[in-house]
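Asks: Got a file for you: target_17.cif, mmCIF, C-alpha atoms.
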```
data_target
loop_
_atom_site.label_atom_id
_atom_site.label_comp_id
_atom_site.auth_asym_id
_atom_site.auth_seq_id
_atom_site.Cartn_x
_atom_site.Cartn_y
_atom_site.Cartn_z
CA MET G 1 -14.61 -11.87 -15.76
CA ILE G 2 -14.09 -11.00 -12.08
CA GLY G 3 -16.80 -11.53 -9.47
CA ASP G 4 -18.66 -8.64 -7.86
CA ARG G 5 -17.31 -9.49 -4.41
CA LEU G 6 -13.68 -9.47 -5.57
CA GLU G 7 -14.08 -6.23 -7.55
CA GLU G 8 -15.81 -4.51 -4.64
CA PHE G 9 -13.06 -5.65 -2.28
CA VAL G 10 -10.22 -4.45 -4.54
CA ARG G 11 -11.84 -1.09 -5.26
CA GLY G 12 -12.48 -0.57 -1.55
CA LEU G 13 -8.93 -1.30 -0.43
CA SER G 14 -7.26 1.49 1.51
CA GLU G 15 -3.50 1.98 1.59
CA PRO G 16 -1.82 -0.46 4.03
CA ALA G 17 -0.59 1.06 7.27
CA ASP G 18 2.61 -0.91 6.66
CA TYR G 19 3.54 -2.45 3.29
CA TYR G 20 5.86 -4.92 5.03
CA LYS G 21 3.69 -6.31 7.85
CA GLY G 22 0.59 -8.38 7.22
CA VAL G 23 -1.04 -11.81 7.62
CA SER G 24 1.48 -14.51 8.54
CA SER G 25 1.80 -18.19 9.37
CA ASP G 26 4.65 -20.41 10.55
CA ALA G 27 4.54 -22.74 7.53
CA GLN G 28 7.78 -22.79 5.50
CA TYR G 29 6.07 -23.35 2.14
CA PHE G 30 3.30 -20.81 2.69
CA PRO G 31 3.52 -17.17 1.64
CA GLU G 32 3.75 -15.12 4.82
CA ASN G 33 3.30 -11.55 5.95
CA LEU G 34 0.66 -10.96 3.29
CA VAL G 35 -0.45 -7.41 2.49
CA PHE G 36 -3.25 -6.59 0.01
CA PHE G 37 -3.40 -3.30 -1.88
CA SER G 38 -4.66 -1.97 -5.19
CA ARG G 39 -3.84 0.47 -7.97
CA GLN G 40 -6.85 1.95 -9.77
CA SER G 41 -5.26 4.41 -12.19
CA SER G 42 -2.13 4.66 -14.28
CA ALA G 43 -0.95 7.62 -12.22
CA GLU G 44 -1.03 5.49 -9.05
CA LEU G 45 1.38 3.02 -10.60
CA PHE G 46 3.99 5.75 -10.99
CA ASP G 47 3.43 6.91 -7.42
CA SER G 48 3.92 3.42 -6.08
CA LEU G 49 6.27 1.55 -3.78
CA PRO G 50 9.99 2.29 -3.48
CA PHE G 51 11.87 0.38 -6.16
CA VAL G 52 14.07 -1.39 -3.58
CA HIS G 53 12.06 -3.98 -1.67
CA TYR G 54 12.79 -7.41 -0.25
CA ARG G 55 9.28 -8.81 -0.76
CA PHE G 56 7.43 -10.52 -3.59
CA ASN G 57 4.63 -8.59 -5.30
CA LEU G 58 2.03 -10.66 -7.15
CA ILE G 59 0.04 -8.44 -9.54
CA PHE G 60 -3.38 -9.31 -10.94
CA CYS G 61 -4.54 -7.00 -13.74
CA LEU G 62 -8.33 -7.03 -13.44
CA ASN G 63 -9.05 -4.14 -15.80
CA GLY G 64 -7.05 -2.14 -18.36
CA SER G 65 -3.44 -2.79 -19.37
CA PHE G 66 0.06 -1.41 -18.88
CA GLN G 67 3.69 -2.20 -19.62
CA ILE G 68 6.46 -2.84 -17.15
CA HIS G 69 10.23 -2.71 -17.61
CA ILE G 70 11.52 -5.53 -15.44
CA ASP G 71 15.23 -6.39 -15.42
CA ASN G 72 16.15 -6.26 -19.11
CA HIS G 73 12.65 -7.05 -20.41
CA LEU G 74 9.62 -5.00 -21.40
CA LEU G 75 6.43 -6.93 -20.63
CA THR G 76 2.79 -6.08 -21.28
CA LEU G 77 0.23 -6.94 -18.61
CA GLU G 78 -3.31 -6.95 -19.95
CA GLU G 79 -6.69 -7.52 -18.36
CA GLY G 80 -6.93 -11.10 -17.11
CA GLU G 81 -3.18 -11.58 -16.63
CA SER G 82 -0.81 -11.78 -13.67
CA LEU G 83 2.87 -11.21 -12.99
CA LEU G 84 5.14 -11.99 -10.02
CA ILE G 85 7.83 -9.44 -9.16
CA PHE G 86 10.70 -10.94 -7.18
CA PRO G 87 12.57 -9.32 -4.28
CA PHE G 88 15.14 -6.77 -5.49
CA GLN G 89 13.98 -7.11 -9.09
CA ASN G 90 14.39 -3.78 -10.82
CA HIS G 91 11.14 -2.60 -12.41
CA HIS G 92 9.33 0.49 -13.74
CA TYR G 93 5.79 0.89 -14.98
CA VAL G 94 5.10 2.35 -18.42
CA THR G 95 1.55 3.41 -19.14
CA ASP G 96 -0.75 6.19 -20.28
CA ASN G 97 -1.38 8.52 -17.34
CA GLU G 98 -4.95 9.05 -18.56
CA SER G 99 -6.01 5.41 -18.60
CA ASP G 100 -8.01 3.61 -15.92
CA ILE G 101 -6.81 0.29 -14.57
CA LEU G 102 -7.68 -2.03 -11.71
CA CYS G 103 -4.81 -4.05 -10.28
CA PHE G 104 -4.85 -6.22 -7.18
CA PHE G 105 -1.45 -6.57 -5.46
CA ILE G 106 -0.49 -9.24 -2.95
CA GLY G 107 2.80 -8.48 -1.22
CA PHE G 108 4.40 -11.37 0.64
CA GLU G 109 7.57 -13.08 1.82
CA MET G 110 8.47 -16.73 1.43
CA GLN G 111 11.22 -18.86 2.93
CA GLU G 112 11.25 -21.47 0.18
CA ARG G 113 11.61 -19.65 -3.17
CA LYS G 114 13.06 -22.19 -5.57
CA ASN G 115 9.73 -23.32 -7.05
CA LEU G 116 8.80 -19.74 -7.86
CA GLU G 117 11.63 -19.31 -10.37
CA VAL G 118 9.39 -20.63 -13.15
CA LEU G 119 7.39 -17.40 -12.76
CA ARG G 120 10.32 -15.01 -13.20
CA ASN G 121 9.53 -12.52 -16.02
CA ARG G 122 6.46 -14.52 -17.11
CA VAL G 123 3.01 -13.11 -17.72
CA VAL G 124 0.45 -15.76 -16.76
CA SER G 125 -3.27 -15.81 -17.57
CA ILE G 126 -5.67 -15.53 -14.64
CA THR G 127 -7.73 -18.72 -14.74
CA PRO G 128 -11.21 -19.27 -13.25
CA PHE G 129 -9.54 -21.28 -10.49
CA SER G 130 -7.24 -18.32 -9.68
CA LEU G 131 -10.27 -16.03 -9.48
CA SER G 132 -12.02 -18.50 -7.18
CA CYS G 133 -9.00 -18.56 -4.86
CA LEU G 134 -8.86 -14.76 -4.81
CA ASP G 135 -12.59 -14.57 -4.14
CA HIS G 136 -12.26 -16.92 -1.16
CA MET G 137 -9.18 -15.09 0.12
CA VAL G 138 -10.92 -11.72 0.30
CA SER G 139 -13.82 -13.24 2.23
CA ALA G 140 -11.68 -15.30 4.64
CA PHE G 141 -11.32 -13.89 8.14
CA ASP G 142 -9.00 -16.61 9.41
CA ASP G 143 -5.26 -15.89 8.98
CA PHE G 144 -4.36 -19.53 8.41
CA LYS G 145 -7.05 -19.89 5.75
CA VAL G 146 -5.75 -16.81 3.92
CA ASN G 147 -2.21 -18.24 3.95
CA LEU G 148 -3.41 -21.66 2.85
CA LEU G 149 -5.41 -20.20 -0.03
CA SER G 150 -2.46 -18.05 -1.10
CA ALA G 151 -0.23 -21.15 -1.16
CA ILE G 152 -2.80 -23.02 -3.30
CA LEU G 153 -3.07 -20.00 -5.61
CA LEU G 154 0.71 -19.73 -6.06
CA SER G 155 0.99 -23.44 -6.76
CA HIS G 156 -1.72 -23.19 -9.41
CA ILE G 157 -0.03 -20.21 -11.10
CA GLU G 158 3.29 -22.11 -11.09
CA ASN G 159 1.60 -25.01 -12.87
CA CYS G 160 0.06 -22.63 -15.42
CA ALA G 161 3.50 -21.17 -16.15
CA ALA G 162 5.22 -24.53 -16.59
CA PRO G 163 6.31 -25.21 -20.21
CA LYS G 164 4.22 -28.40 -20.39
CA THR G 165 1.03 -26.45 -19.71
CA SER G 166 -0.88 -24.93 -22.61
CA GLY G 167 -3.29 -22.64 -20.72
CA HIS G 168 -1.00 -19.72 -20.05
CA THR G 169 0.41 -16.58 -21.59
CA PHE G 170 3.94 -15.26 -21.33
CA ARG G 171 5.71 -12.98 -23.74
CA LYS G 172 8.22 -10.20 -24.17
CA VAL G 173 7.43 -7.20 -26.34
CA ARG G 174 9.71 -4.71 -28.03
CA GLY G 175 9.95 -1.27 -26.53
CA ASN G 176 12.03 1.79 -27.28
CA ALA G 177 15.17 0.64 -29.11
CA VAL G 178 17.51 2.78 -27.02
CA VAL G 179 16.08 1.40 -23.76
CA GLY G 180 16.58 -2.14 -25.00
CA LEU G 181 20.19 -1.44 -25.97
CA VAL G 182 20.91 0.16 -22.58
CA GLN G 183 19.33 -2.74 -20.71
CA ARG G 184 21.30 -5.34 -22.64
CA TYR G 185 24.54 -3.43 -22.12
CA VAL G 186 23.99 -3.02 -18.36
CA TYR G 187 22.84 -6.58 -17.67
CA ALA G 188 25.61 -8.12 -19.76
CA ASP G 189 27.98 -7.53 -16.84
CA LEU G 190 26.64 -6.01 -13.63
CA SER G 191 30.14 -5.89 -12.14
CA ARG G 192 31.28 -3.47 -14.83
CA MET G 193 31.74 0.19 -13.92
CA VAL G 194 29.41 2.07 -16.23
CA THR G 195 28.06 5.60 -16.64
CA ALA G 196 25.48 7.20 -18.91
CA ALA G 197 28.30 8.90 -20.79
CA LEU G 198 30.04 5.57 -21.40
CA ILE G 199 26.82 3.96 -22.61
CA ALA G 200 26.17 6.86 -24.98
CA LYS G 201 29.67 6.47 -26.38
CA GLU G 202 29.19 2.70 -26.82
CA LEU G 203 25.90 3.28 -28.63
CA GLY G 204 27.37 6.03 -30.80
CA ILE G 205 24.89 8.73 -29.76
CA LEU G 206 25.12 12.01 -27.88
CA GLU G 207 24.62 11.74 -24.12
CA SER G 208 21.92 14.41 -24.32
CA ASN G 209 20.04 12.35 -26.93
CA LEU G 210 20.37 9.25 -24.76
CA PHE G 211 18.92 11.16 -21.82
CA LYS G 212 15.95 12.46 -23.81
CA GLN G 213 15.07 9.18 -25.52
CA PHE G 214 15.52 7.07 -22.41
CA LYS G 215 13.50 9.35 -20.13
CA ARG G 216 10.75 9.72 -22.73
CA ALA G 217 10.41 5.93 -22.92
CA ILE G 218 10.79 4.86 -19.30
CA GLY G 219 10.12 8.00 -17.27
CA ILE G 220 13.48 8.22 -15.49
CA SER G 221 16.99 9.28 -16.46
CA PRO G 222 19.66 6.76 -17.52
CA GLY G 223 21.68 7.70 -14.43
CA ARG G 224 18.84 6.89 -12.07
CA TYR G 225 18.16 3.65 -13.92
CA LEU G 226 21.79 2.60 -13.50
CA ARG G 227 21.70 3.36 -9.76
CA GLU G 228 18.50 1.38 -9.32
CA VAL G 229 19.82 -1.67 -11.16
CA LYS G 230 23.10 -1.63 -9.23
CA ILE G 231 21.53 -1.11 -5.80
CA ASN G 232 18.89 -3.79 -6.35
CA TYR G 233 21.70 -6.15 -7.32
CA ALA G 234 23.61 -5.10 -4.20
CA CYS G 235 20.56 -5.75 -2.01
CA SER G 236 20.26 -9.23 -3.46
CA ILE G 237 23.94 -9.95 -2.71
CA LEU G 238 23.71 -8.62 0.85
CA GLU G 239 20.53 -10.63 1.42
CA SER G 240 21.72 -13.96 0.07
CA THR G 241 25.52 -14.13 0.52
CA ASP G 242 28.22 -13.52 3.12
CA PHE G 243 30.14 -11.11 0.88
CA SER G 244 31.60 -8.15 2.71
CA VAL G 245 30.50 -4.62 1.87
CA THR G 246 33.74 -4.14 -0.05
CA GLU G 247 33.24 -7.36 -2.04
CA THR G 248 29.65 -6.34 -2.77
CA ALA G 249 30.80 -2.95 -4.04
CA ILE G 250 33.24 -4.66 -6.43
CA HIS G 251 30.58 -7.10 -7.68
CA CYS G 252 28.26 -4.17 -8.38
CA GLY G 253 30.81 -2.17 -10.35
CA PHE G 254 31.60 0.68 -7.93
CA ASP G 255 35.08 2.15 -7.98
CA SER G 256 35.24 2.50 -4.18
CA VAL G 257 33.44 1.25 -1.10
CA TYR G 258 32.84 4.88 -0.12
CA SER G 259 31.03 5.62 -3.38
CA PHE G 260 29.02 2.41 -3.02
CA SER G 261 28.01 3.06 0.59
CA ARG G 262 27.06 6.66 -0.15
CA THR G 263 24.89 5.67 -3.12
CA PHE G 264 23.37 2.77 -1.21
CA LYS G 265 22.33 4.95 1.72
CA LYS G 266 21.01 7.68 -0.59
CA VAL G 267 18.76 5.16 -2.33
CA THR G 268 17.64 2.92 0.55
CA GLY G 269 18.01 5.20 3.58
CA LEU G 270 20.29 2.60 5.20
CA SER G 271 23.97 1.81 5.07
CA PRO G 272 24.84 -1.59 3.55
CA SER G 273 25.60 -2.95 7.04
CA GLN G 274 22.32 -1.63 8.44
CA PHE G 275 20.43 -3.14 5.51
CA ARG G 276 21.97 -6.57 6.16
CA LYS G 277 21.04 -6.41 9.86
CA ARG G 278 17.54 -5.01 9.37
CA LYS G 279 15.80 -8.38 9.81
CA GLY G 280 18.18 -9.66 12.45
#
```
Reformat the file's structure so that it appears as structure tokens.
Replies:
Amino acid sequence: MIGDRLEEFVRGLSEPADYYKGVSSDAQYFPENLVFFSRQSSAELFDSLPFVHYRFNLIFCLNGSFQIHIDNHLLTLEEGESLLIFPFQNHHYVTDNESDILCFFIGFEMQERKNLEVLRNRVVSITPFSLSCLDHMVSAFDDFKVNLLSAILLSHIENCAAPKTSGHTFRKVRGNAVVGLVQRYVYADLSRMVTAALIAKELGILESNLFKQFKRAIGISPGRYLREVKINYACSILESTDFSVTETAIHCGFDSVYSFSRTFKKVTGLSPSQFRKRKG
């Protein structure tokens, strides 16, 4: 399905020196600060980027398949499909550590995001036109051309994901029942103070059983999952609103601003105030 030039480029990609600095332009409607990288095994997906990030990641699955828990969904990404992960969108990869995959990642930022909402939590087929755009992108040595091609590619994927279009794929699959119940409970009200013990009680199971079943299915503990969801939500609030740190803590279900700030810094390496100023 993929061309030799594209496959050779993706397989030959080295790790970026900086995941957050890349090819840019001054156009408002163009993706900017583009960084290309790849994942060529299931194990590499688990040893991937920090879960808190303020950039988009557009994933093209060129070989193999894997599942991804994203927000309160479990999606399957198969060969020939793509998925856009939004800034501060909580996600974890679920896959067989023994399997081989080939995924091409394009990390980017974008000032105008509204049109991209149609792609949230949607798996979209990689069309021949998408492959042609990718093929031209990897052979383009002009920064403006790369940004222009990426804008054309995103626009095409948006059109493929629109409900009126028939040539696309998007679906949600069922995963571990306990994980699904936990996700629905957490996302029902992100401002609610919640612990693993409280969730276990609500589900009518022992906390130890919750821990075992949840970690077996998703690879992390329920406690860590809760922290990740809450801190990603906090990052989104700090990024897009004028809420104070105290107001943000309340919206994210922390019982004190001290507890919130301590957890936030433990996870991101920055205080909430430092995080808000980081791009200033």
Asks: Report, in Å to a single decimal, how far apart atom CA of G:Cys103 and atom CA of G:Leu83 are.
Replies: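 Calculated distance between atom CA of G:Leu83 and atom CA of G:Cys103 is 10.8 Å.
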Asks: Would you list the contacts of stretch 179-194 of chain G as a ChimeraX atom specification, taking every protein, DNA or RNA residue within 10 Å and counting all atoms listed in the file, but skipping same-chain residues closer than 2 positions in sequence?
Replies: /G:69-74,174-177,196-200,202-203,210,213-218,222-223,225-226,229-230,233-234,248-255
Asks: Atom CA of G:Phe37 and atom CA of G:Lys277, how far apart in Å?
Replies: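 Computing it gives 27.3 Å between the two atoms.
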Asks: For each of G:Ser259, G:Asn63, G:Ser150, G:Thr195, take the minimum atom-to-atom distance to G:Ile101, counting all atoms listed in the file, then give the residue where this is smallest.
Replies: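 Closest to G:Ile101, using all atoms listed in the file: G:Asn63.
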Asks: Closest to G:Ser208 among G:Asn147, G:Ser221, G:Phe30, G:Thr263, using only C-alpha atoms?
Replies: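 Smallest distance to G:Ser208 is found for G:Ser221.
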Asks: Would you mind telling me which residue in G:Phe108, G:Val94, G:Ser130, G:Gly12 lies nearest to G:Asn57 when using all atoms listed in the file?
Replies: G:Phe108
Asks: For G:His53, which residue among G:Val124, G:Met137, G:Leu119, G:Ile85 is the nearest when counting all atoms listed in the file?
Replies: G:Ile85
Asks: Could you work out how far atom CA of G:Leu134 lies from atom CA of G:Phe88, giving the answer in Å with one decimal?
Replies: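 Rounded to one decimal, the two atoms are 25.3 Å apart.
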Asks: Given the choices G:Ala161, G:Arg227, G:Leu206, G:Phe104, which gets closest to G:Asp135 if the distance is worked out from all atoms listed in the file?
Replies: G:Phe104
Asks: Would you pick out the contacts of stretch 237-246 of chain G at 9 Å or less, using only C-alpha atoms, so that residues sharing its chain but fewer than 6 positions from it are not included, and give the list as a compact mmCIF listing (two decimals) with C-alpha atoms, keeping the file's coordinate frame?
Replies:
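Ended up saving to result_24.txt:
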```txt
# COMPACT_ATOMS: atom_id res chain seq x y z
CA TYR G 54 12.79 -7.41 -0.25
CA SER G 256 35.24 2.50 -4.18
CA VAL G 257 33.44 1.25 -1.10
CA PHE G 260 29.02 2.41 -3.02
CA SER G 261 28.01 3.06 0.59
CA PRO G 272 24.84 -1.59 3.55
CA SER G 273 25.60 -2.95 7.04
CA PHE G 275 20.43 -3.14 5.51
CA ARG G 276 21.97 -6.57 6.16
```
Asks: Between G:Leu6, G:Ile152, G:Ile59, G:Leu75, which is the closest to G:Leu131 once you count all atoms listed in the file?
Replies: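 That would be G:Leu6, the residue with the smallest distance to G:Leu131.
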Asks: Kindly provide, as JSON, the centre and edge lengths (Å, one decimal) of an axis-aligned box around all atoms of stretch 197-201 of chain G given in the file, with 3 Å on each side.
Replies:
```
{"center_x": 28.1, "center_y": 6.4, "center_z": -23.6, "size_x": 9.9, "size_y": 10.9, "size_z": 11.6}
```
Asks: Expanded to explicit residues, what is the PyMOL selection byres ((chain G and resi 5) around 10) for this file, as a list in words?
Replies: Ile2, Gly3, Asp4, Leu6, Glu7, Glu8, Phe9, Val10, Leu134, Asp135, His136, Val138 and Ser139 of chain G
Asks: Since we have the selection now, will you write its residues out, keeping C-alpha atoms, as a compact mmCIF listing (two decimals), keeping the file's coordinate frame?
Replies:
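Output saved as out.txt:
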```txt
# COMPACT_ATOMS: atom_id res chain seq x y z
CA ILE G 2 -14.09 -11.00 -12.08
CA GLY G 3 -16.80 -11.53 -9.47
CA ASP G 4 -18.66 -8.64 -7.86
CA LEU G 6 -13.68 -9.47 -5.57
CA GLU G 7 -14.08 -6.23 -7.55
CA GLU G 8 -15.81 -4.51 -4.64
CA PHE G 9 -13.06 -5.65 -2.28
CA VAL G 10 -10.22 -4.45 -4.54
CA LEU G 134 -8.86 -14.76 -4.81
CA ASP G 135 -12.59 -14.57 -4.14
CA HIS G 136 -12.26 -16.92 -1.16
CA VAL G 138 -10.92 -11.72 0.30
CA SER G 139 -13.82 -13.24 2.23
```
Asks: Any chance you could resolve the PyMOL selection byres ((chain G and resi 93) around 6) against this file and give the residues as an MDAnalysis selection string?
Replies: chainID G and resid 67:68 92 94
Asks: For the file shown, what are the residues hit by the PyMOL selection byres ((chain G and resi 113-118) around 8), laid out as a list in words?
Replies: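 Listing what the PyMOL selection byres ((chain G and resi 113-118) around 8) selects in the shown file: Met110, Gln111, Glu112, Leu119, Arg120, Arg122, Glu158, Ala161 and Ala162 of chain G.
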Asks: What's around G:Glu78 at 7 Å? Count only C-alpha atoms, leave out sequence neighbours fewer than 6 positions away in its own chain, and write the answer as a list in words.
Replies: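 Listed by chain and then number, they are Cys61, Gly64, Ser65 and Phe66 of chain G.
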Asks: Quick test: take stretch 88-145 of chain G, keep C-alpha atoms, and write it as a short mmCIF file (atom, residue, chain, number, x, y, z; two decimals), in the first residue's frame.
Replies:
```cif
data_model
loop_
_atom_site.label_atom_id
_atom_site.label_comp_id
_atom_site.auth_asym_id
_atom_site.auth_seq_id
_atom_site.Cartn_x
_atom_site.Cartn_y
_atom_site.Cartn_z
CA PHE G 88 -3.96 17.25 26.53
CA GLN G 89 -6.02 14.26 25.40
CA ASN G 90 -5.42 11.39 27.78
CA HIS G 91 -4.29 8.25 25.96
CA HIS G 92 -2.54 4.90 26.45
CA TYR G 93 -1.49 2.30 23.92
CA VAL G 94 -2.61 -1.31 24.28
CA THR G 95 -0.82 -3.87 22.15
CA ASP G 96 1.10 -7.12 22.07
CA ASN G 97 4.72 -6.41 23.02
CA GLU G 98 5.86 -9.07 20.55
CA SER G 99 4.21 -7.62 17.45
CA ASP G 100 5.87 -5.51 14.78
CA ILE G 101 4.28 -2.27 13.67
CA LEU G 102 5.23 0.72 11.56
CA CYS G 103 3.68 4.02 12.56
CA PHE G 104 4.50 7.46 11.19
CA PHE G 105 3.86 10.32 13.64
CA ILE G 106 3.53 13.99 12.75
CA GLY G 107 3.61 16.23 15.80
CA PHE G 108 2.42 19.80 15.27
CA GLU G 109 0.74 22.88 16.70
CA MET G 110 -2.07 24.87 15.13
CA GLN G 111 -3.59 28.24 15.98
CA GLU G 112 -6.96 27.57 14.38
CA ARG G 113 -8.29 24.27 15.78
CA LYS G 114 -12.05 24.41 15.34
CA ASN G 115 -12.15 22.53 12.02
CA LEU G 116 -10.17 19.66 13.51
CA GLU G 117 -12.91 18.73 15.99
CA VAL G 118 -14.49 16.43 13.41
CA LEU G 119 -11.42 14.21 13.84
CA ARG G 120 -11.68 13.83 17.62
CA ASN G 121 -11.73 10.10 18.53
CA ARG G 122 -12.21 9.07 14.89
CA VAL G 123 -10.19 6.45 13.05
CA VAL G 124 -9.91 7.50 9.40
CA SER G 125 -8.76 5.40 6.45
CA ILE G 126 -5.53 6.44 4.75
CA THR G 127 -6.51 7.19 1.15
CA PRO G 128 -4.22 7.15 -1.91
CA PHE G 129 -4.33 10.96 -1.84
CA SER G 130 -3.12 10.96 1.80
CA LEU G 131 -0.25 8.66 0.84
CA SER G 132 0.65 10.94 -2.06
CA CYS G 133 0.77 13.94 0.29
CA LEU G 134 2.95 12.05 2.75
CA ASP G 135 5.24 10.91 -0.05
CA HIS G 136 5.71 14.50 -1.25
CA MET G 137 6.20 15.76 2.31
CA VAL G 138 9.09 13.42 3.03
CA SER G 139 10.83 14.46 -0.18
CA ALA G 140 10.24 18.21 0.22
CA PHE G 141 13.23 20.23 1.39
CA ASP G 142 11.42 23.56 1.53
CA ASP G 143 9.83 24.40 4.91
CA PHE G 144 6.90 26.26 3.35
CA LYS G 145 6.17 23.35 1.01
#
```
